[in-house]
Structure formats: C-alpha cells, structure tokens
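Chemist: As input, take upload.tsv (TSV, C-alpha atoms):
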```
chain	number	residue	atom	x	y	z
J	98	MET	CA	24.76	15.87	-27.35
J	99	PRO	CA	25.94	12.27	-27.96
J	100	ARG	CA	28.73	12.03	-30.53
J	101	TYR	CA	26.65	9.89	-32.90
J	102	MET	CA	23.95	12.56	-33.18
J	103	LEU	CA	24.06	15.23	-35.85
J	104	THR	CA	23.57	18.90	-35.11
J	105	GLU	CA	20.75	20.58	-37.01
J	106	GLU	CA	23.29	22.48	-39.11
J	107	ARG	CA	25.21	19.37	-40.12
J	108	TRP	CA	22.09	17.30	-40.73
J	109	SER	CA	20.66	20.05	-42.95
J	110	LYS	CA	23.84	20.05	-45.05
J	111	LEU	CA	24.00	16.26	-45.17
J	112	LYS	CA	20.32	15.80	-46.01
J	113	GLU	CA	20.57	18.22	-48.93
J	114	ILE	CA	23.33	16.09	-50.45
J	115	LEU	CA	21.61	12.76	-49.74
J	116	LEU	CA	18.43	13.94	-51.44
J	117	GLN	CA	20.49	14.70	-54.55
J	118	PHE	CA	21.21	10.96	-54.66
J	119	SER	CA	17.48	10.23	-55.09
J	120	LEU	CA	16.98	9.12	-51.48
J	121	TYR	CA	13.49	9.63	-50.15
J	122	ASN	CA	13.16	12.09	-47.29
J	123	LYS	CA	11.37	9.61	-45.08
J	124	ALA	CA	10.68	10.38	-41.44
J	125	GLY	CA	13.27	7.83	-40.36
J	126	LEU	CA	16.08	8.91	-42.71
J	127	ARG	CA	17.94	10.92	-40.08
J	128	ARG	CA	17.53	8.18	-37.49
J	129	THR	CA	18.89	5.61	-39.96
J	130	VAL	CA	21.93	7.76	-40.77
J	131	GLU	CA	22.59	8.35	-37.06
J	132	GLY	CA	22.33	4.59	-36.47
J	133	ILE	CA	24.96	4.00	-39.14
J	134	LEU	CA	27.14	6.69	-37.59
J	135	PHE	CA	26.69	5.13	-34.13
J	136	ARG	CA	27.85	1.77	-35.43
J	137	MET	CA	30.81	3.42	-37.19
J	138	ARG	CA	31.75	5.24	-33.99
J	139	THR	CA	31.46	2.23	-31.65
J	140	GLY	CA	32.21	-0.75	-33.92
J	141	ILE	CA	29.43	-2.85	-32.35
J	142	PRO	CA	27.76	-5.65	-34.33
J	143	TRP	CA	24.80	-4.39	-36.36
J	144	ARG	CA	22.37	-6.55	-34.39
J	145	ASP	CA	23.44	-4.81	-31.16
J	146	LEU	CA	22.31	-1.35	-32.32
J	147	PRO	CA	20.14	0.33	-29.66
J	148	GLU	CA	16.43	-0.01	-30.39
J	149	HIS	CA	15.78	3.73	-30.52
J	150	PHE	CA	17.46	3.79	-33.96
J	151	GLY	CA	14.86	1.34	-35.28
J	152	LYS	CA	15.23	-2.26	-36.43
J	153	TRP	CA	18.91	-3.12	-36.74
J	154	ASN	CA	18.30	-5.23	-39.84
J	155	SER	CA	16.61	-2.33	-41.63
J	156	ILE	CA	19.53	-0.03	-40.83
J	157	TYR	CA	22.06	-2.59	-42.03
J	158	LYS	CA	20.08	-3.21	-45.22
J	159	ALA	CA	19.98	0.54	-45.89
J	160	PHE	CA	23.75	0.83	-45.34
J	161	ASN	CA	24.49	-2.20	-47.50
J	162	HIS	CA	22.15	-1.05	-50.30
J	163	TRP	CA	23.66	2.45	-50.33
J	164	SER	CA	27.12	0.88	-50.28
J	165	LYS	CA	26.27	-1.15	-53.41
J	166	LYS	CA	25.20	2.07	-55.12
J	167	GLY	CA	28.45	3.78	-54.13
J	168	LEU	CA	26.54	6.44	-52.20
J	169	TRP	CA	29.11	6.88	-49.42
J	170	LYS	CA	31.92	7.40	-51.93
J	171	LYS	CA	29.74	9.93	-53.77
J	172	LEU	CA	29.09	11.75	-50.49
J	173	PHE	CA	32.83	12.00	-49.81
J	174	ASN	CA	33.48	13.27	-53.35
J	175	VAL	CA	30.75	15.92	-53.14
J	176	LEU	CA	32.00	17.29	-49.83
J	177	LYS	CA	35.63	17.65	-50.99
J	178	THR	CA	34.94	19.62	-54.17
J	179	ASP	CA	36.79	22.74	-52.92
J	180	SER	CA	39.96	20.89	-51.95
J	181	ASP	CA	43.37	22.62	-51.86
J	182	LEU	CA	45.73	20.41	-53.87
J	183	GLU	CA	48.84	22.57	-53.74
J	184	TRP	CA	50.44	19.99	-51.43
J	185	VAL	CA	49.32	16.38	-51.08
J	186	PHE	CA	50.69	13.96	-48.49
J	187	ILE	CA	50.37	10.18	-48.80
J	188	GLU	CA	50.77	7.40	-46.26
J	189	GLY	CA	49.59	3.82	-45.66
J	190	ARG	CA	48.27	2.24	-42.45
J	191	SER	CA	47.46	-1.36	-41.67
J	192	VAL	CA	44.11	-2.12	-40.06
J	193	LYS	CA	43.56	-5.27	-38.04
J	194	ALA	CA	40.84	-7.46	-39.54
J	195	HIS	CA	38.49	-8.80	-36.86
J	196	GLN	CA	37.79	-12.53	-36.95
J	197	HIS	CA	34.19	-11.75	-37.96
J	198	SER	CA	35.42	-10.10	-41.16
J	199	ALA	CA	36.64	-13.41	-42.55
J	200	GLY	CA	34.65	-15.84	-44.66
J	201	ALA	CA	32.79	-13.61	-47.11
J	202	ALA	CA	30.73	-15.68	-49.56
J	203	GLY	CA	31.66	-15.75	-53.24
J	204	GLY	CA	35.39	-16.36	-53.01
J	205	TYR	CA	36.31	-12.83	-54.12
J	206	ASP	CA	39.43	-10.99	-52.96
J	207	GLU	CA	38.18	-8.87	-50.08
J	208	ASN	CA	41.52	-7.12	-49.52
J	209	ILE	CA	42.46	-9.02	-46.37
J	210	GLY	CA	46.03	-10.28	-46.33
J	211	LYS	CA	48.51	-11.88	-43.96
J	212	SER	CA	51.11	-9.59	-42.44
J	213	ARG	CA	53.19	-9.57	-39.27
J	214	ALA	CA	50.11	-8.31	-37.43
J	215	GLY	CA	47.99	-11.23	-38.67
J	216	ASN	CA	45.00	-10.71	-40.96
J	217	THR	CA	44.99	-7.05	-41.99
J	218	SER	CA	43.84	-4.62	-44.62
J	219	LYS	CA	45.81	-1.52	-45.56
J	220	VAL	CA	44.37	1.92	-46.21
J	221	HIS	CA	46.49	4.12	-48.49
J	222	LEU	CA	45.48	7.73	-47.81
J	223	ALA	CA	46.17	11.08	-49.46
J	224	VAL	CA	45.41	14.34	-47.64
J	225	ASN	CA	45.48	17.90	-48.92
J	226	ALA	CA	47.31	20.97	-47.65
J	227	TYR	CA	44.74	21.37	-44.84
J	228	GLY	CA	45.17	17.78	-43.66
J	229	LEU	CA	41.76	16.71	-44.96
J	230	PRO	CA	41.29	13.40	-46.83
J	231	GLU	CA	41.51	13.73	-50.59
J	232	ALA	CA	41.49	10.11	-51.75
J	233	PHE	CA	42.22	6.61	-50.52
J	234	THR	CA	42.65	3.09	-51.80
J	235	MET	CA	42.57	-0.23	-49.98
J	236	THR	CA	44.68	-3.36	-50.36
J	237	GLY	CA	45.49	-6.44	-48.34
J	238	GLY	CA	47.81	-5.77	-45.42
J	239	HIS	CA	50.64	-7.69	-47.09
J	240	ILE	CA	50.91	-5.08	-49.88
J	241	ASN	CA	53.71	-2.59	-49.22
J	242	ASP	CA	53.33	1.16	-49.58
J	243	CYS	CA	55.32	1.41	-52.80
J	244	THR	CA	53.13	-1.18	-54.52
J	245	GLY	CA	49.91	0.52	-53.45
J	246	ALA	CA	51.05	4.08	-54.19
J	247	PRO	CA	50.67	4.33	-58.01
J	248	THR	CA	46.90	3.70	-57.93
J	249	LEU	CA	46.51	6.29	-55.18
J	250	ILE	CA	48.62	8.85	-57.06
J	251	GLU	CA	46.37	8.50	-60.10
J	252	LYS	CA	43.46	9.66	-57.94
J	253	ILE	CA	45.25	12.90	-57.03
J	254	ASP	CA	46.48	13.81	-60.51
J	255	ALA	CA	45.66	17.50	-59.94
J	256	ALA	CA	48.19	17.80	-57.09
J	257	GLN	CA	51.10	20.19	-57.50
J	258	VAL	CA	53.49	18.72	-54.90
J	259	LEU	CA	53.54	15.12	-53.67
J	260	ILE	CA	55.12	14.46	-50.25
J	261	ALA	CA	55.80	11.03	-48.74
J	262	ASP	CA	58.27	9.37	-46.37
J	263	LYS	CA	61.31	7.31	-47.38
J	264	GLY	CA	59.18	4.17	-47.52
J	265	TYR	CA	58.07	5.51	-50.91
J	266	ASP	CA	61.62	5.99	-52.18
J	267	SER	CA	61.08	4.36	-55.55
J	268	GLN	CA	61.92	5.62	-59.00
J	269	ILE	CA	58.59	4.25	-60.24
J	270	ILE	CA	56.73	6.48	-57.79
J	271	ARG	CA	58.88	9.52	-58.62
J	272	ASP	CA	58.30	8.97	-62.35
J	273	LYS	CA	54.57	8.47	-61.78
J	274	GLY	CA	54.20	11.75	-59.91
J	275	GLU	CA	56.35	13.72	-62.33
J	276	ALA	CA	54.45	12.32	-65.32
J	277	LEU	CA	51.31	13.83	-63.78
J	278	GLY	CA	52.99	17.22	-63.37
J	279	MET	CA	53.83	16.93	-59.66
J	280	SER	CA	56.98	17.95	-57.83
J	281	VAL	CA	57.94	14.92	-55.75
J	282	ILE	CA	59.36	15.35	-52.25
J	283	ILE	CA	60.48	11.96	-50.93
J	284	PRO	CA	63.72	11.58	-48.95
J	285	ARG	CA	66.17	9.04	-50.30
J	286	ARG	CA	67.37	6.15	-48.18
J	287	LYS	CA	70.75	6.29	-46.43
J	288	ASN	CA	72.35	3.96	-48.99
J	289	SER	CA	71.27	6.17	-51.91
J	290	ILE	CA	74.08	7.47	-54.13
J	291	LYS	CA	72.16	10.65	-54.97
J	292	GLY	CA	71.53	11.65	-51.33
J	293	ASN	CA	69.24	14.47	-50.17
J	294	LYS	CA	71.15	17.57	-51.16
J	295	GLY	CA	68.77	20.49	-51.64
J	296	PHE	CA	65.85	18.53	-50.17
J	297	ASP	CA	62.90	20.64	-48.91
J	298	TRP	CA	62.94	19.53	-45.28
J	299	PRO	CA	60.60	22.28	-43.95
J	300	LEU	CA	57.83	21.17	-46.31
J	301	TYR	CA	58.55	17.50	-45.61
J	302	LYS	CA	58.04	18.09	-41.88
J	303	LEU	CA	54.40	18.97	-42.59
J	304	ARG	CA	53.88	15.28	-43.35
J	305	HIS	CA	52.40	14.99	-39.88
J	306	LEU	CA	49.16	16.20	-41.51
J	307	VAL	CA	48.53	12.76	-43.01
J	308	GLU	CA	49.40	11.05	-39.73
J	309	ASN	CA	46.98	13.36	-37.92
J	310	ALA	CA	44.27	12.48	-40.45
J	311	PHE	CA	44.73	8.77	-39.74
J	312	ALA	CA	44.48	9.49	-36.02
J	313	ARG	CA	41.18	11.33	-36.55
J	314	LEU	CA	39.77	8.60	-38.79
J	315	LYS	CA	40.66	5.94	-36.24
J	316	HIS	CA	38.49	7.67	-33.64
J	317	TYR	CA	35.83	5.62	-35.41
J	318	ARG	CA	36.25	2.07	-34.14
J	319	ALA	CA	34.78	0.54	-37.30
J	320	VAL	CA	37.63	2.24	-39.19
J	321	ALA	CA	40.37	1.40	-36.66
J	322	THR	CA	39.38	-2.29	-36.82
J	323	ARG	CA	37.87	-3.90	-39.88
J	324	TYR	CA	34.65	-5.69	-38.95
J	325	ASP	CA	33.09	-5.79	-42.43
J	326	LYS	CA	33.36	-8.95	-44.49
J	327	LEU	CA	32.97	-7.17	-47.83
J	328	ALA	CA	35.73	-4.87	-49.09
J	329	ARG	CA	33.17	-2.46	-50.53
J	330	ASN	CA	31.42	-2.13	-47.16
J	331	TYR	CA	34.66	-1.38	-45.35
J	332	GLU	CA	35.57	1.13	-48.09
J	333	SER	CA	32.14	2.68	-47.55
J	334	ILE	CA	32.86	3.03	-43.82
J	335	VAL	CA	36.18	4.75	-44.56
J	336	SER	CA	34.46	6.99	-47.14
J	337	LEU	CA	31.81	7.95	-44.59
J	338	ALA	CA	34.46	8.72	-41.96
J	339	CYS	CA	36.35	10.88	-44.49
J	340	ALA	CA	33.09	12.63	-45.39
J	341	PHE	CA	32.43	13.46	-41.73
J	342	LEU	CA	35.84	15.13	-41.48
J	343	TRP	CA	34.74	17.36	-44.38
J	344	LEU	CA	31.18	17.96	-43.16
J	345	PRO	CA	31.98	20.93	-40.84
J	346	MET	CA	33.95	22.72	-43.59
```
Once more with this new file: its structure as structure tokens, please.
Modeler:
Amino acid sequence: MPRYMLTEERWSKLKEILLQFSLYNKAGLRRTVEGILFRMRTGIPWRDLPEHFGKWNSIYKAFNHWSKKGLWKKLFNVLKTDSDLEWVFIEGRSVKAHQHSAGAAGGYDENIGKSRAGNTSKVHLAVNAYGLPEAFTMTGGHINDCTGAPTLIEKIDAAQVLIADKGYDSQIIRDKGEALGMSVIIPRRKNSIKGNKGFDWPLYKLRHLVENAFARLKHYRAVATRYDKLARNYESIVSLACAFLWLPM
C-alpha cells in the first residue's frame, strides 16, 4: 500500500474524529485527506497533485479552509488526550524556508527569519515520555531556543519533569518550569559556578526521544522544508504530521 494511503483501521479512527468537527462525510472526503497527506509526504506543489485525488484546487481549498478553522490543531489535540507527561523533553529545530514560501500578502509576520542557513523557520517541540509530540510552537529561524522556550513550556504546564540540553541553560527557563511545578533537568554550561553536581544524567540521556521525534516528523518533506507562505498553514502541516504519529496509538 502506498505510504500516502490510509489503512481501513486508521481511516475509520480518523473519520470518526473529523465528523466530530462538523465535516460532511462526502464520498470524496477520504480521497481529499489522502491527497493532503500525499502532498505532506512528498512536498510537491499543490497543482502537481496526481489527478486521481481529484482537482488540486479543491484539495488545496479544503486544506486551507480547515486550516483557518484550526481543524488540524484540533485533530492533534484530540489524538493526544491520553499523553504521559511524567517526563517532557523540549528541543528546537530550524527548517529551511523554500523560495516559494516568501511573499505572503498582507505584510504579516509569517515566522520566517534570517539565520546562518538563510531564510528559516524554527519549530520548538515538546515530546512526552513515549517520545510522542505533546506541543509545539513556531518562530522565525533567528529566534534562539531560550527565547522560544517559555511559550512552549506554558503549553506543557501539566508536566512533572522538564528535560532540555544546555542550550536552554537560563535562569528564566528554570524559574518558568519550577513555577509550573516541574522539576527542571538542564545541564549547566562549563563556565557555570554552580556546576552539575548531583545532576540526573541517566534521565538526561533519554533526551534522544525528542531528537527521534524530529527525525520522524521530517520524513514528511513538507515539514522538513517549509513550502507554505502562511504561518498558519505550515503550523497546520506540522500539526497534521504530529497527529499521524499519534494515529496508530
């Protein structure tokens, strides 16, 4: 079975949730969703979608309309309701912005910034103890991890332990996590006076879970490279990719 196609079991689960969002169970609903998934998997321009999915413009309009309604974020939130928040790992990754993602009308900040890699966006991701996405935020690529972390931490306020690498060694981040009732495990930099005496290194080594999650998300080419002009549409793509990691659970 092609990777963009949904098994009957997964489509049944997905359709049940989509219908809760007041979508009509039209004959072409599954084909439309699989067309969106195909584009997310391959990163091709919308107008190059194979004809067997239907008219490319209709599929794009459906995606864009559902993105405006926040449907893809809702889907992600519904699927992660039974999340294990004993440990939460956070990390940020820059995503190259394709030249076609520039020039969105309206003059709004679309979270594309200049960095050493050129025009980029940055995804700040939190994963749970099973390595599944729990929450994410998006900024321009010029925003460092420490600056983007507080907003992300607010989205995981039920976490018991927060783990991050030394790039997050900031008293502001430690205070933010502790104010929300979290134990904070972040190694201090080499020039720190306090050092890392008593640091929980075995738990810290599990931080590969968030790196693995990024690797899985970037299997989708429309996540690995930003092709969308609008920030909300790229956020919708990331939400959909996160949702598909949860779908088999």
Chemist: Which polymer residues, protein or nucleic acid, are no farther than 6 Å from (52.8, 18.7, -59.6), counting all atoms listed in the file, as a PyMOL selection string?
Modeler: chain J and resi 256-258+278-280
Chemist: In Å to one decimal, how far is CA of His195 in chain J from CA of Gly238 in chain J?
Modeler: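 Spanning CA of Gly238 in chain J to CA of His195 in chain J is a straight-line distance of 13.0 Å.
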Chemist: Would you mind telling me which residue in J:Tyr265, J:Phe186, J:Tyr324, J:Trp298 lies nearest to Phe311 in chain J when using all atoms listed in the file?
Modeler: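 Among the listed residues, the smallest separation from Phe311 in chain J belongs to J:Phe186.
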Chemist: Would you please work out which residue, of J:Val130, J:Ala226, J:Ala276, J:Leu176, is nearest to His305 in chain J when using only C-alpha atoms?
Modeler: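 Result for the nearest residue to His305 in chain J: J:Ala226.
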Chemist: Could you tell me which of J:Ala194, J:Val175, J:Ile253, J:Leu277 comes closest to Phe233 in chain J if we count all atoms listed in the file?
Modeler: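 Using all atoms listed in the file, the shortest distance to Phe233 in chain J belongs to J:Ile253.
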Chemist: So that I can check the surroundings of range 139-153 of chain J, please list as a ChimeraX atom specification every protein, DNA and RNA residue that reaches within 6 Å of it, counting all atoms listed in the file and ignoring chain neighbours fewer than 5 positions away.
Modeler: /J:128,132,318-319
Chemist: With a distance cut-off of 12 Å and all atoms listed in the file, select the neighbouring residues of Glu106 in chain J, excluding the residue or stretch itself and same-chain residues fewer than 4 positions from it, and output the selection as a PDB file with C-alpha atoms, in the frame of the given file.
Modeler:
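Writing the result to out-v7.pdb gives the following:
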```
ATOM      1  CA  MET J 102      23.950  12.560 -33.180  1.00  0.00           C
ATOM      2  CA  LYS J 110      23.840  20.050 -45.050  1.00  0.00           C
ATOM      3  CA  LEU J 111      24.000  16.260 -45.170  1.00  0.00           C
ATOM      4  CA  LYS J 112      20.320  15.800 -46.010  1.00  0.00           C
ATOM      5  CA  GLU J 113      20.570  18.220 -48.930  1.00  0.00           C
ATOM      6  CA  LEU J 344      31.180  17.960 -43.160  1.00  0.00           C
ATOM      7  CA  PRO J 345      31.980  20.930 -40.840  1.00  0.00           C
ATOM      8  CA  MET J 346      33.950  22.720 -43.590  1.00  0.00           C
TER       9      MET J 346
END
```
Chemist: Just want the 10 Å neighbourhood of Lys326 in chain J, counted on only C-alpha atoms, with same-chain residues fewer than 3 positions away dropped. Output as a list in words.
Modeler: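 The residues that qualify are Ala194, His195, Gln196, His197, Ser198, Ala199, Gly200, Ala201, Ala202, Glu207, Asn208, Ile209, Arg323, Arg329, Asn330 and Tyr331 of chain J.
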Chemist: Which one is closest to Ala261 in chain J: J:Lys211, J:Ile283, J:Asn161, J:Glu231? Count only C-alpha atoms.
Modeler: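 Ranked by minimum distance to Ala261 in chain J, first place goes to J:Ile283.
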Chemist: Which residue gives the smallest distance to Arg313 in chain J among J:Leu168, J:Asn293, J:Asp181, J:Leu229, with only C-alpha atoms counted?
Modeler: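 Answer, going by the shortest atom-to-atom distance: J:Leu229.
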Chemist: For His221 in chain J, which of J:Leu337, J:Thr178, J:Ala310, J:Trp184 is the closest residue, counting all atoms listed in the file?
Modeler: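 The answer is J:Ala310, which sits nearest to His221 in chain J.
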Chemist: What is the distance between CA of Gly125 in chain J and CA of Gly167 in chain J, in Å to one decimal?
Modeler: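 Separation between CA of Gly125 in chain J and CA of Gly167 in chain J: 20.9 Å.
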Chemist: Enter the distance from CA of Val320 in chain J to CA of Arg138 in chain J, in Å, rounded to one decimal.
Modeler: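 Those two atoms sit 8.4 Å apart.
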